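Raw contents of run-v5.pdb, PDB, C-alpha atoms:
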```pdb
MODEL        1
ATOM      1  CA  MET A   1      87.724  38.624  20.013
ATOM      2  CA  ALA A   2      86.542  42.090  19.003
ATOM      3  CA  PHE A   3      83.086  43.200  20.026
ATOM      4  CA  PRO A   4      80.498  44.347  17.443
ATOM      5  CA  PRO A   5      79.541  48.037  17.398
ATOM      6  CA  ALA A   6      76.662  49.245  19.551
ATOM      7  CA  ASP A   7      74.638  50.051  16.438
ATOM      8  CA  CYS A   8      74.075  47.163  14.009
ATOM      9  CA  THR A   9      73.716  49.646  11.144
ATOM     10  CA  HIS A  10      77.495  50.078  11.318
ATOM     11  CA  CYS A  11      78.121  46.374  10.792
ATOM     12  CA  GLY A  12      75.646  44.272   8.787
ATOM     13  CA  ARG A  13      78.033  41.304   8.748
ATOM     14  CA  CYS A  14      75.347  38.785   9.711
ATOM     15  CA  CYS A  15      73.607  39.493   6.375
ATOM     16  CA  PHE A  16      76.578  38.281   4.330
ATOM     17  CA  SER A  17      77.020  34.728   3.066
ATOM     18  CA  ASP A  18      77.987  32.940  -0.125
ATOM     19  CA  LEU A  19      75.384  30.263   0.596
ATOM     20  CA  PRO A  20      72.096  30.618  -1.313
ATOM     21  CA  GLU A  21      70.336  28.727   1.511
ATOM     22  CA  TYR A  22      71.559  31.061   4.241
ATOM     23  CA  VAL A  23      68.352  32.638   5.617
ATOM     24  CA  ARG A  24      65.486  30.164   5.814
ATOM     25  CA  VAL A  25      61.988  31.614   5.728
ATOM     26  CA  PHE A  26      59.249  29.620   7.450
ATOM     27  CA  GLY A  27      55.453  29.871   7.338
ATOM     28  CA  ILE A  28      55.363  31.955  10.509
ATOM     29  CA  ASP A  29      57.683  34.407   8.760
ATOM     30  CA  THR A  30      55.581  34.653   5.603
ATOM     31  CA  ASP A  31      52.490  35.310   7.745
ATOM     32  CA  ARG A  32      53.980  38.675   8.776
ATOM     33  CA  MET A  33      55.543  39.503   5.372
ATOM     34  CA  ASP A  34      53.775  41.660   2.832
ATOM     35  CA  GLU A  35      54.322  41.497  -0.941
ATOM     36  CA  ARG A  36      57.300  43.847  -0.737
ATOM     37  CA  ALA A  37      59.055  41.609   1.785
ATOM     38  CA  LEU A  38      58.167  38.436  -0.090
ATOM     39  CA  ALA A  39      59.832  39.899  -3.188
ATOM     40  CA  PHE A  40      63.144  39.354  -1.352
ATOM     41  CA  THR A  41      62.486  35.612  -1.065
ATOM     42  CA  GLU A  42      62.902  32.668  -3.406
ATOM     43  CA  PHE A  43      62.214  28.972  -3.377
ATOM     44  CA  ILE A  44      65.162  26.616  -3.568
ATOM     45  CA  GLY A  45      63.607  23.235  -4.075
ATOM     46  CA  ASN A  46      60.521  23.295  -1.897
ATOM     47  CA  ARG A  47      61.990  25.576   0.793
ATOM     48  CA  LEU A  48      61.792  29.340   0.974
ATOM     49  CA  PHE A  49      64.855  31.513   1.629
ATOM     50  CA  MET A  50      65.805  35.160   1.521
ATOM     51  CA  LYS A  51      67.499  35.839  -1.836
ATOM     52  CA  MET A  52      71.263  36.075  -1.693
ATOM     53  CA  ARG A  53      73.142  38.025  -4.381
ATOM     54  CA  ASP A  54      76.747  39.177  -4.506
ATOM     55  CA  GLY A  55      77.399  37.451  -1.195
ATOM     56  CA  ARG A  56      74.674  39.180   0.798
ATOM     57  CA  CYS A  57      70.959  39.143   1.494
ATOM     58  CA  THR A  58      69.121  41.211  -1.108
ATOM     59  CA  ALA A  59      67.145  42.934   1.656
ATOM     60  CA  LEU A  60      70.353  44.468   3.004
ATOM     61  CA  VAL A  61      70.497  48.117   1.974
ATOM     62  CA  ILE A  62      73.990  49.560   1.953
ATOM     63  CA  ASP A  63      74.745  53.264   1.995
ATOM     64  CA  PRO A  64      78.353  53.348   0.764
ATOM     65  CA  GLU A  65      78.836  57.026   1.602
ATOM     66  CA  ARG A  66      77.687  56.771   5.218
ATOM     67  CA  ARG A  67      78.984  53.194   5.510
ATOM     68  CA  THR A  68      75.689  52.062   7.026
ATOM     69  CA  PHE A  69      73.607  48.935   6.582
ATOM     70  CA  HIS A  70      69.930  48.343   7.215
ATOM     71  CA  CYS A  71      67.329  45.754   6.398
ATOM     72  CA  ALA A  72      64.691  46.852   3.906
ATOM     73  CA  VAL A  73      62.170  44.549   5.607
ATOM     74  CA  TYR A  74      63.391  44.822   9.194
ATOM     75  CA  GLU A  75      59.911  44.921  10.735
ATOM     76  CA  MET A  76      58.997  41.755   8.794
ATOM     77  CA  ARG A  77      62.369  39.954   8.869
ATOM     78  CA  PRO A  78      62.448  36.174   9.364
ATOM     79  CA  ASP A  79      62.700  34.667  12.828
ATOM     80  CA  VAL A  80      66.239  33.460  12.146
ATOM     81  CA  CYS A  81      67.254  37.113  11.784
ATOM     82  CA  ARG A  82      65.243  38.134  14.844
ATOM     83  CA  SER A  83      66.987  35.531  16.971
ATOM     84  CA  LEU A  84      70.475  36.841  16.187
ATOM     85  CA  GLU A  85      70.988  39.322  18.986
ATOM     86  CA  ARG A  86      73.744  41.890  18.898
ATOM     87  CA  GLY A  87      76.663  40.702  20.987
ATOM     88  CA  SER A  88      75.512  37.068  21.120
ATOM     89  CA  GLY A  89      77.959  34.275  20.348
ATOM     90  CA  ASN A  90      76.663  33.964  16.780
ATOM     91  CA  CYS A  91      76.876  37.722  16.304
ATOM     92  CA  ARG A  92      80.485  37.826  17.540
ATOM     93  CA  ALA A  93      81.388  34.854  15.330
ATOM     94  CA  ASP A  94      79.961  36.581  12.237
ATOM     95  CA  TYR A  95      81.679  39.811  13.257
ATOM     96  CA  GLU A  96      85.070  38.078  13.276
ATOM     97  CA  GLU A  97      84.566  35.686  10.352
ATOM     98  CA  LYS A  98      83.042  38.209   7.942
ATOM     99  CA  ALA A  99      85.175  41.202   8.854
ATOM    100  CA  LEU A 100      86.048  42.252   5.304
ATOM    101  CA  ARG A 101      82.742  41.566   3.568
ATOM    102  CA  PRO A 102      81.025  44.907   4.282
ATOM    103  CA  ASP A 103      84.078  46.810   3.025
ATOM    104  CA  VAL A 104      84.193  44.716  -0.158
ATOM    105  CA  ALA A 105      80.482  45.341  -0.779
ATOM    106  CA  ILE A 106      80.899  49.083  -0.256
ATOM    107  CA  GLU A 107      83.832  49.230  -2.652
ATOM    108  CA  ARG A 108      81.858  47.294  -5.281
ATOM    109  CA  LEU A 109      78.940  49.709  -4.959
ATOM    110  CA  ARG A 110      81.220  52.726  -5.210
ATOM    111  CA  ALA A 111      82.984  51.272  -8.261
ATOM    112  CA  SER A 112      79.681  50.508 -10.024
ATOM    113  CA  ARG A 113      78.431  54.047  -9.349
ATOM    114  CA  ASN A 114      81.645  55.532 -10.734
ATOM    115  CA  GLN A 115      81.217  53.501 -13.933
ATOM    116  CA  SER A 116      77.699  54.838 -14.456
TER     117      SER A 116
ENDMDL
END
```
Serialized structure, structure tokens:
Amino acid sequence: MAFPPADCTHCGRCCFSDLPEYVRVFGIDTDRMDERALAFTEFIGNRLFMKMRDGRCTALVIDPERRTFHCAVYEMRPDVCRSLERGSGNCRADYEEKALRPDVAIERLRASRNQS
């Protein structure tokens, strides 16, 4: 199994999922979130989640030129995100399973910019 890069900004794979209920947001999370961070959330039924669009968390900011990824609300991110440590078993599993997703997202962003 390959090991994730030392800098998470060169990966971002843990932020990708096709599931709308991927990143659960609990009360303890909303207590630290300001309005800007809460704008990235949505209720599904009576539970709060980070919004997922185009197969990724909407708080994930992608720089297609530098090929970097960062969280727009990193300092206020949900506990589920905080608990995913670089190099952990879950991190390595996402790194392997979602290997192509960052590249696909970058290509989509580049294509949409070229059409503009």
| said: Distance cut-off 10 Å, centre (81.5, 37.8, -0.7) in file coordinates, counting all atoms listed in the file: which residues qualify? Return them as an NGL selection string. | reply: :A and (16-19 or 53-56 or 98 or 100-102 or 104-105)
| query | Between A:Gly87, A:Pro20, A:Pro5, A:Pro64, which one has atoms that come closest to Lys51 of chain A, using only C-alpha atoms? | reply |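 Nearest candidate to Lys51 of chain A out of A:Gly87, A:Pro20, A:Pro5, A:Pro64: A:Pro20.
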| said: Can you measure atom CA of Glu21 of chain A to atom CA of Ile106 of chain A for me? One decimal in Å is fine. | reply: 23.0 Å
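Going from atom CA of Val73 of chain A to atom CA of Ser88 of chain A covers 21.8 Å.
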| Reference answer for the PyMOL selection byres ((chain A and resi 40) around 6), as an MDAnalysis selection string | chainID A and resid 37:39 41 50:51
| message | When you count only C-alpha atoms, which of these residues is closest to Tyr74 of chain A: A:Cys14, A:Ile44, A:Ala99, A:Met33? | response | A:Met33
| message | I'd like to see the residues matched by the PyMOL selection byres ((chain A and resi 78) around 6) on this file, and ideally I'd get them as a list in words. | response |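 Checking the PyMOL selection byres ((chain A and resi 78) around 6) against this file, the residues are Val25, Asp29, Arg77, Asp79, Val80 and Cys81 of chain A.
Taking atom CA of Arg32 of chain A and atom CA of Glu75 of chain A as endpoints, the distance between them is 8.8 Å.
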| task | Around the point (81.2, 53.6, 4.0) in the file's coordinates, collect all residues with an atom within 10 Å, using all atoms listed in the file, and return them as a count of residues only. | result | 15
